[in-house]
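Trainee: Sending over data-v3.txt (compact mmCIF, C-alpha atoms).
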```txt
# COMPACT_ATOMS: atom_id res chain seq x y z
CA MET A 21 -20.26 -12.83 -2.78
CA GLY A 22 -20.42 -14.20 -6.31
CA ILE A 23 -17.74 -14.49 -9.01
CA PHE A 24 -18.66 -11.14 -10.57
CA GLU A 25 -18.34 -9.29 -7.26
CA THR A 26 -15.10 -11.16 -6.54
CA ILE A 27 -13.55 -10.06 -9.83
CA VAL A 28 -14.67 -6.43 -9.52
CA ILE A 29 -13.36 -6.04 -5.96
CA ALA A 30 -10.07 -7.73 -6.94
CA ILE A 31 -9.74 -5.34 -9.89
CA VAL A 32 -10.27 -2.39 -7.54
CA GLU A 33 -7.62 -3.78 -5.16
CA GLY A 34 -5.12 -4.36 -7.96
CA LEU A 35 -5.68 -0.91 -9.48
CA THR A 36 -5.50 1.12 -6.28
CA GLU A 37 -3.10 -0.71 -3.94
CA PHE A 38 0.05 0.83 -5.40
CA LEU A 39 -1.41 4.13 -6.57
CA PRO A 40 -1.52 7.08 -4.12
CA VAL A 41 -5.33 7.09 -4.08
CA SER A 42 -6.30 4.89 -1.07
CA SER A 43 -7.49 1.38 -1.83
CA THR A 44 -9.70 1.58 1.29
CA GLY A 45 -11.77 4.45 -0.11
CA HIS A 46 -12.28 2.60 -3.36
CA MET A 47 -13.29 -0.59 -1.54
CA ILE A 48 -16.03 1.37 0.24
CA ILE A 49 -17.50 2.62 -3.02
CA ALA A 50 -17.10 -0.73 -4.82
CA GLN A 51 -18.81 -2.72 -2.06
CA HIS A 52 -21.66 -0.23 -1.85
CA VAL A 53 -22.25 -0.14 -5.60
CA LEU A 54 -22.15 -3.94 -5.78
CA GLY A 55 -24.36 -4.33 -2.72
CA VAL A 56 -21.82 -6.62 -1.02
CA GLU A 57 -22.54 -7.10 2.67
CA SER A 58 -19.64 -6.56 5.06
CA THR A 59 -19.37 -10.13 6.37
CA GLU A 60 -16.38 -11.69 8.15
CA PHE A 61 -15.35 -13.37 4.91
CA VAL A 62 -15.51 -10.13 2.89
CA LYS A 63 -13.31 -8.43 5.50
CA ALA A 64 -10.81 -11.30 5.26
CA PHE A 65 -11.03 -11.35 1.46
CA THR A 66 -9.95 -7.71 1.11
CA PHE A 67 -6.78 -8.50 3.08
CA ILE A 68 -5.96 -11.90 1.61
CA ILE A 69 -6.07 -10.75 -2.03
CA GLN A 70 -3.28 -8.32 -1.17
CA PHE A 71 -0.99 -11.32 -1.62
CA GLY A 72 -1.70 -11.26 -5.37
CA ALA A 73 -0.85 -7.56 -5.49
CA ILE A 74 2.37 -8.15 -3.53
CA LEU A 75 3.41 -10.91 -5.93
CA SER A 76 3.14 -8.49 -8.87
CA VAL A 77 5.94 -6.37 -7.39
CA VAL A 78 8.20 -9.38 -6.87
CA ILE A 79 7.63 -10.60 -10.43
CA LEU A 80 7.95 -7.19 -12.09
CA TYR A 81 11.13 -6.28 -10.22
CA TRP A 82 12.51 -9.76 -9.60
CA LYS A 83 16.02 -8.91 -10.86
CA ARG A 84 16.25 -6.08 -8.35
CA PHE A 85 14.31 -7.79 -5.61
CA PHE A 86 16.55 -10.86 -5.55
CA GLN A 87 19.89 -9.15 -5.63
CA LEU A 88 23.05 -8.87 -3.60
CA ASN A 89 25.45 -5.95 -3.59
CA HIS A 90 28.65 -7.21 -5.20
CA SER A 91 30.43 -3.86 -5.20
CA ALA A 92 33.45 -3.39 -2.95
CA PRO A 93 32.51 -2.40 0.63
CA PRO A 94 33.97 0.81 2.09
CA GLN A 95 37.57 0.54 3.22
CA GLY A 96 37.98 -0.47 6.82
CA SER A 97 34.55 -2.14 7.04
CA THR A 98 34.07 -4.63 9.84
CA SER A 99 32.71 -8.13 9.17
CA ILE A 100 29.22 -6.89 10.10
CA GLY A 101 29.68 -3.89 7.84
CA ARG A 102 30.69 -6.13 4.92
CA PHE A 103 27.68 -8.37 5.58
CA LEU A 104 25.28 -5.41 5.64
CA HIS A 105 26.89 -4.02 2.49
CA LYS A 106 26.30 -7.31 0.65
CA PHE A 107 22.66 -7.48 1.76
CA ASP A 108 22.23 -3.72 1.44
CA PHE A 109 18.86 -3.88 -0.38
CA TYR A 110 17.23 -6.15 2.20
CA TRP A 111 18.78 -4.26 5.11
CA LYS A 112 17.19 -1.00 3.96
CA LEU A 113 13.84 -2.72 3.46
CA PHE A 114 14.08 -4.11 6.99
CA ILE A 115 14.94 -0.70 8.46
CA ALA A 116 12.04 0.93 6.63
CA PHE A 117 9.67 -1.86 7.72
CA ILE A 118 10.42 -1.60 11.46
CA PRO A 119 8.35 1.54 12.29
CA ALA A 120 5.15 0.16 10.70
CA ALA A 121 5.65 -3.22 12.37
CA VAL A 122 6.05 -1.63 15.81
CA PHE A 123 3.21 0.87 15.42
CA GLY A 124 0.95 -1.76 13.86
CA LEU A 125 1.37 -4.18 16.76
CA LEU A 126 1.06 -1.48 19.43
CA PHE A 127 -1.98 0.26 17.99
CA SER A 128 -3.75 -2.56 16.13
CA ASP A 129 -7.07 -2.10 17.96
CA ALA A 130 -7.06 1.68 17.52
CA ILE A 131 -6.31 1.30 13.80
CA ASP A 132 -9.16 -1.20 13.39
CA ALA A 133 -11.49 1.20 15.20
CA MET A 134 -10.54 4.06 12.86
CA LEU A 135 -10.99 1.75 9.89
CA GLU A 136 -14.67 1.46 10.73
CA ARG A 137 -15.13 5.24 10.50
CA VAL A 138 -15.87 5.93 6.86
CA GLU A 139 -15.92 9.69 7.41
CA VAL A 140 -12.25 9.53 8.44
CA VAL A 141 -11.40 7.82 5.13
CA ALA A 142 -13.31 10.44 3.13
CA VAL A 143 -11.76 13.42 4.92
CA MET A 144 -8.22 12.02 4.65
CA LEU A 145 -8.75 11.35 0.94
CA VAL A 146 -9.59 15.02 0.42
CA ILE A 147 -6.80 16.34 2.67
CA GLY A 148 -4.26 14.01 1.03
CA GLY A 149 -5.52 15.07 -2.39
CA ILE A 150 -4.99 18.75 -1.62
CA PHE A 151 -1.48 17.96 -0.39
CA MET A 152 -0.68 16.03 -3.58
CA LEU A 153 -1.58 19.05 -5.68
CA TYR A 154 1.43 20.83 -4.21
CA CYS A 155 3.87 18.04 -3.22
CA ASP A 156 5.88 18.40 -6.45
CA LYS A 157 6.48 22.08 -5.62
CA ILE A 158 7.23 21.32 -1.96
CA PHE A 159 9.81 18.59 -2.59
CA GLY A 160 10.91 19.28 -6.16
CA ALA A 161 11.87 16.66 -8.71
CA GLY A 162 14.60 15.12 -6.56
CA ASN A 163 18.14 14.28 -7.59
CA GLU A 164 19.20 11.25 -9.64
CA GLN A 165 22.43 11.16 -7.62
CA THR A 166 20.66 10.88 -4.25
CA LYS A 167 21.18 7.40 -2.82
CA LEU A 168 18.85 5.65 -0.42
CA THR A 169 20.86 5.32 2.79
CA GLY A 170 19.77 3.45 5.89
CA LYS A 171 18.79 6.72 7.58
CA ARG A 172 16.67 7.77 4.62
CA ALA A 173 15.03 4.34 4.47
CA PHE A 174 14.09 4.65 8.14
CA MET A 175 12.55 8.08 7.48
CA VAL A 176 10.44 6.58 4.68
CA GLY A 177 9.36 3.93 7.18
CA LEU A 178 8.23 6.64 9.61
CA TYR A 179 6.19 8.27 6.86
CA GLN A 180 4.60 4.89 6.17
CA CYS A 181 3.14 4.93 9.70
CA ILE A 182 0.98 7.89 8.69
CA SER A 183 -0.84 5.57 6.28
CA MET A 184 -2.28 3.68 9.25
CA ILE A 185 -4.86 6.47 9.28
CA PRO A 186 -7.45 5.08 6.83
CA GLY A 187 -7.69 7.08 3.62
CA VAL A 188 -4.12 8.39 3.68
CA SER A 189 -2.80 5.67 1.31
CA ARG A 190 0.33 3.67 2.08
CA SER A 191 1.65 4.39 -1.39
CA MET A 192 1.19 8.15 -1.02
CA ALA A 193 2.82 8.25 2.42
CA THR A 194 5.91 6.29 1.39
CA ILE A 195 6.37 8.09 -1.94
CA VAL A 196 6.14 11.44 -0.18
CA GLY A 197 8.57 10.08 2.41
CA GLY A 198 11.05 9.18 -0.32
CA MET A 199 10.70 12.56 -2.02
CA SER A 200 11.26 14.32 1.32
CA GLN A 201 14.64 12.55 1.41
CA GLY A 202 15.64 13.91 -1.99
CA LEU A 203 14.74 10.87 -4.12
CA THR A 204 13.28 11.35 -7.57
CA ARG A 205 9.59 10.57 -8.11
CA LYS A 206 10.51 7.32 -9.88
CA ALA A 207 13.01 6.19 -7.21
CA ALA A 208 10.57 7.06 -4.41
CA ALA A 209 7.72 5.18 -6.13
CA GLU A 210 9.85 2.08 -6.75
CA PHE A 211 11.05 1.92 -3.15
CA SER A 212 7.41 2.32 -2.10
CA PHE A 213 6.59 -0.79 -4.16
CA PHE A 214 9.48 -2.74 -2.63
CA LEU A 215 8.51 -1.71 0.90
CA ALA A 216 4.94 -2.84 0.23
CA VAL A 217 6.09 -6.47 0.05
CA PRO A 218 7.18 -6.99 3.69
CA THR A 219 4.61 -4.49 5.01
CA MET A 220 1.55 -5.90 3.25
CA PHE A 221 2.73 -9.47 3.65
CA GLY A 222 3.16 -8.93 7.38
CA ALA A 223 -0.27 -7.28 7.69
CA THR A 224 -1.91 -10.08 5.69
CA LEU A 225 -0.26 -12.79 7.82
CA TYR A 226 -1.35 -11.02 11.00
CA LYS A 227 -4.96 -10.74 9.82
CA MET A 228 -4.91 -14.39 8.71
CA TYR A 229 -3.57 -15.44 12.11
CA LYS A 230 -6.31 -13.52 13.90
CA LEU A 231 -8.97 -15.00 11.63
CA LEU A 232 -7.73 -18.57 12.05
CA SER A 233 -7.30 -18.19 15.82
CA GLU A 234 -10.93 -17.10 16.00
CA GLY A 235 -12.14 -20.22 14.20
CA GLY A 236 -12.07 -18.96 10.62
CA THR A 237 -10.46 -22.05 9.06
CA GLU A 238 -13.74 -23.41 7.75
CA LEU A 239 -14.66 -19.97 6.40
CA ILE A 240 -11.50 -19.87 4.32
CA MET A 241 -11.73 -23.47 3.11
CA ASN A 242 -15.37 -23.00 2.01
CA ASN A 243 -14.39 -19.97 -0.06
CA LEU A 244 -11.02 -21.15 -1.38
CA THR A 245 -12.03 -20.78 -5.07
CA THR A 246 -13.11 -17.19 -4.48
CA LEU A 247 -9.80 -16.40 -2.80
CA VAL A 248 -7.76 -17.95 -5.62
CA ILE A 249 -9.68 -16.02 -8.29
CA GLY A 250 -9.35 -12.80 -6.29
CA ASN A 251 -5.58 -13.18 -5.94
CA ILE A 252 -5.06 -13.98 -9.63
CA VAL A 253 -7.10 -10.97 -10.76
CA ALA A 254 -5.41 -8.65 -8.22
CA PHE A 255 -1.99 -9.88 -9.41
CA ILE A 256 -2.66 -9.21 -13.11
CA VAL A 257 -4.27 -5.82 -12.58
CA ALA A 258 -1.60 -4.64 -10.11
CA LEU A 259 1.09 -5.61 -12.62
CA LEU A 260 -0.48 -3.31 -15.22
CA ALA A 261 -1.18 -0.55 -12.70
CA ILE A 262 2.45 -0.40 -11.53
CA LYS A 263 3.77 -0.10 -15.09
CA PHE A 264 1.29 2.69 -15.85
CA PHE A 265 1.99 4.55 -12.63
CA ILE A 266 5.78 4.65 -12.98
CA SER A 267 5.49 5.94 -16.56
CA PHE A 268 2.80 8.50 -15.72
CA VAL A 269 4.26 9.93 -12.51
CA THR A 270 7.75 10.26 -14.02
CA ARG A 271 6.37 12.48 -16.77
CA HIS A 272 3.43 14.26 -15.12
CA GLY A 273 3.88 14.22 -11.35
CA PHE A 274 1.10 13.77 -8.78
CA LYS A 275 -1.38 16.56 -9.48
CA ALA A 276 -3.83 14.30 -11.37
CA PHE A 277 -3.88 11.86 -8.46
CA GLY A 278 -4.51 14.76 -6.09
CA TRP A 279 -7.62 15.86 -7.99
CA TYR A 280 -8.76 12.25 -8.25
CA ARG A 281 -8.49 11.76 -4.47
CA ILE A 282 -10.52 14.91 -3.86
CA VAL A 283 -13.27 13.66 -6.18
CA VAL A 284 -13.40 10.18 -4.57
CA GLY A 285 -13.39 11.62 -1.06
CA GLY A 286 -16.11 14.07 -2.09
CA ILE A 287 -18.25 11.24 -3.47
CA ILE A 288 -18.02 9.33 -0.19
CA LEU A 289 -18.90 12.44 1.83
CA VAL A 290 -21.92 13.12 -0.39
CA MET A 291 -23.04 9.49 0.01
CA LEU A 292 -22.72 9.78 3.80
CA LEU A 293 -24.66 13.05 3.88
CA ALA A 294 -27.34 11.40 1.75
CA GLY A 295 -27.78 8.82 4.49
CA GLN A 296 -26.10 5.89 2.71
CA ASN A 297 -24.94 3.11 5.02
CA LEU A 298 -21.29 2.67 4.06
CA THR A 299 -18.98 0.13 5.68
CA ILE A 300 -15.40 -0.97 5.12
CA GLY A 301 -14.39 -4.53 4.31
```
In structure tokens, write the structure found in this file.
Mentor:
Amino acid sequence: MGIFETIVIAIVEGLTEFLPVSSTGHMIIAQHVLGVESTEFVKAFTFIIQFGAILSVVILYWKRFFQLNHSAPPQGSTSIGRFLHKFDFYWKLFIAFIPAAVFGLLFSDAIDAMLERVEVVAVMLVIGGIFMLYCDKIFGAGNEQTKLTGKRAFMVGLYQCISMIPGVSRSMATIVGGMSQGLTRKAAAEFSFFLAVPTMFGATLYKMYKLLSEGGTELIMNNLTTLVIGNIVAFIVALLAIKFFISFVTRHGFKAFGWYRIVVGGIILVMLLAGQNLTIG
């Protein structure tokens, strides 16, 4: 994989990771168009450059990401209650992260097996797209006064588990989860970004561990420049994509993304029916 292919795939990752359009589906099309063979390094590359995308969230929202709750805790709070109140933001992230961590570890092999089925990605893109055409009507615009409680954070975490089905989109699942709990589109999208940090970081570390334990150290060291370039590009593009998405979805909702998913899923299905050999990662 040359520099050009590295940059293009990193751009695709940065653009689609935080949008509700499935980065996996776009990776399939990008790799096919570029003629990139699905080697062990390419599979690792698509996971490792997620770190650049994750970093964009931390940088863009650093004031909110590195924060403590300095408001007065509820009267009668225990010492544990006061502690949790102070670290309220991180506590809710942890609660929301738990379901994906448990399901991911328990069903890792099954998820990897599904990931190799391109037709599953295509079908879920279309189904998710149809759902997004109507999700604004189903959940409404949300309420600015609705606060993200621990229970609501956990429910968002359960929704995130649905995204383990390739093609669903982690972003779509968690945003829909937030809207189902009464959050506004903007609040749901922002919590989705925050939740991506521990979730994607954990998934990336796990994939790195598996790769290194299977003797992939030399593979990574021989392609270190490619990985650095990929992460830098993914970081810059994701930064821009997040800013665009928040502005767009606040004003226009999700219908455009629904139609877009249907088109992308349709393209993949047509390519499969035409006998194209499509692989993931």
Trainee: CA of Gly162 in chain A and CA of Ser200 in chain A are how many Å apart?
Mentor: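 Interatomic distance, CA of Gly162 in chain A to CA of Ser200 in chain A: 8.6 Å.
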Trainee: Find the residues around Gly148 in chain A up to 9 Å (only C-alpha atoms counted), leave out those fewer than 3 positions away in its own chain, and share them as a list of chain:residue names.
Mentor: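 So, after excluding close chain neighbours, the residues are A:Val41, A:Val143, A:Met144, A:Leu145, A:Phe151, A:Met152, A:Leu153, A:Gly187, A:Val188, A:Ser189, A:Met192, A:Gly278, A:Arg281, A:Ile282.
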Trainee: I need the residue nearest Val32 in chain A from this list: A:Tyr226, A:Phe174, A:Tyr280, A:Phe255. Use all atoms listed in the file for the distance.
Mentor: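 Going through A:Tyr226, A:Phe174, A:Tyr280, A:Phe255 one by one, the smallest distance to Val32 in chain A is for A:Phe255.
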Trainee: CA of Ala130 in chain A and CA of Phe61 in chain A are how many Å apart?
Mentor: 21.3 Å
Trainee: Near Ile249 in chain A, within 9 Å and counting only C-alpha atoms, which residues show up once chain neighbours fewer than 6 positions away are dropped, as a ChimeraX atom specification?
Mentor: /A:23,26-27,30,69
Trainee: Every residue with an atom at most 12 Å from (-6.5, -8.2, -4.6) (file coordinates; all atoms listed in the file) is what I'm after, so could you write them as an MDAnalysis selection string?
Mentor: chainID A and resid 26:38 43:44 47 62 64:76 220 224 246:259
Trainee: Any chance you can output those residues with C-alpha atoms as a CSV table (one decimal), in the coordinates of the input?
Mentor:
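And here's part01.csv as it stands now:
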```
chain,number,residue,atom,x,y,z
A,26,THR,CA,-15.1,-11.2,-6.5
A,27,ILE,CA,-13.6,-10.1,-9.8
A,28,VAL,CA,-14.7,-6.4,-9.5
A,29,ILE,CA,-13.4,-6.0,-6.0
A,30,ALA,CA,-10.1,-7.7,-6.9
A,31,ILE,CA,-9.7,-5.3,-9.9
A,32,VAL,CA,-10.3,-2.4,-7.5
A,33,GLU,CA,-7.6,-3.8,-5.2
A,34,GLY,CA,-5.1,-4.4,-8.0
A,35,LEU,CA,-5.7,-0.9,-9.5
A,36,THR,CA,-5.5,1.1,-6.3
A,37,GLU,CA,-3.1,-0.7,-3.9
A,38,PHE,CA,0.0,0.8,-5.4
A,43,SER,CA,-7.5,1.4,-1.8
A,44,THR,CA,-9.7,1.6,1.3
A,47,MET,CA,-13.3,-0.6,-1.5
A,62,VAL,CA,-15.5,-10.1,2.9
A,64,ALA,CA,-10.8,-11.3,5.3
A,65,PHE,CA,-11.0,-11.4,1.5
A,66,THR,CA,-10.0,-7.7,1.1
A,67,PHE,CA,-6.8,-8.5,3.1
A,68,ILE,CA,-6.0,-11.9,1.6
A,69,ILE,CA,-6.1,-10.8,-2.0
A,70,GLN,CA,-3.3,-8.3,-1.2
A,71,PHE,CA,-1.0,-11.3,-1.6
A,72,GLY,CA,-1.7,-11.3,-5.4
A,73,ALA,CA,-0.8,-7.6,-5.5
A,74,ILE,CA,2.4,-8.2,-3.5
A,75,LEU,CA,3.4,-10.9,-5.9
A,76,SER,CA,3.1,-8.5,-8.9
A,220,MET,CA,1.6,-5.9,3.2
A,224,THR,CA,-1.9,-10.1,5.7
A,246,THR,CA,-13.1,-17.2,-4.5
A,247,LEU,CA,-9.8,-16.4,-2.8
A,248,VAL,CA,-7.8,-18.0,-5.6
A,249,ILE,CA,-9.7,-16.0,-8.3
A,250,GLY,CA,-9.4,-12.8,-6.3
A,251,ASN,CA,-5.6,-13.2,-5.9
A,252,ILE,CA,-5.1,-14.0,-9.6
A,253,VAL,CA,-7.1,-11.0,-10.8
A,254,ALA,CA,-5.4,-8.6,-8.2
A,255,PHE,CA,-2.0,-9.9,-9.4
A,256,ILE,CA,-2.7,-9.2,-13.1
A,257,VAL,CA,-4.3,-5.8,-12.6
A,258,ALA,CA,-1.6,-4.6,-10.1
A,259,LEU,CA,1.1,-5.6,-12.6
```
Trainee: In Å, how far is it from CA of Ile182 in chain A to CA of Leu80 in chain A?
Mentor: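 Computing it gives 26.6 Å between the two atoms.
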Trainee: Which residue, A:Tyr81, A:Phe127, A:Phe277, A:Tyr229, has the smallest gap to Ser191 in chain A when you use all atoms listed in the file?
Mentor: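 Counting all atoms listed in the file, the residue closest to Ser191 in chain A is A:Phe277.
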Trainee: Do a neighbour search on range 272-276 of chain A at 9 Å with only C-alpha atoms, toss out local chain neighbours closer than 4 positions, and write the hits as a ChimeraX atom specification.
Mentor: /A:40,149-150,152-156,161,205,267-268,280-281
Trainee: Tell me which of A:Leu231, A:Ile118, A:Val217, A:Ala207 sits closest to Ile195 in chain A, counting all atoms listed in the file.
Mentor: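 Ranked by minimum distance to Ile195 in chain A, first place goes to A:Ala207.
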Trainee: Pick from A:Lys106, A:Ala116, A:Ile288, A:Lys167: nearest to Ala50 in chain A, with all atoms listed in the file counted?
Mentor: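 Nearest to Ala50 in chain A: A:Ile288.
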Trainee: Using only C-alpha atoms, what table do you get, as a tab-separated table, when you list each residue of range 139-189 of chain A with an atom no more than 8 Å from range 131-134 of chain A, its nearest pair of atoms, and their distance in Å rounded to one decimal, rows by chain then rising number?
Mentor:
```
residue	atom	partner	partner_atom	distance
A:Val140	CA	A:Met134	CA	7.2
A:Met184	CA	A:Ile131	CA	6.5
A:Ile185	CA	A:Ile131	CA	7.0
A:Pro186	CA	A:Met134	CA	6.9
```
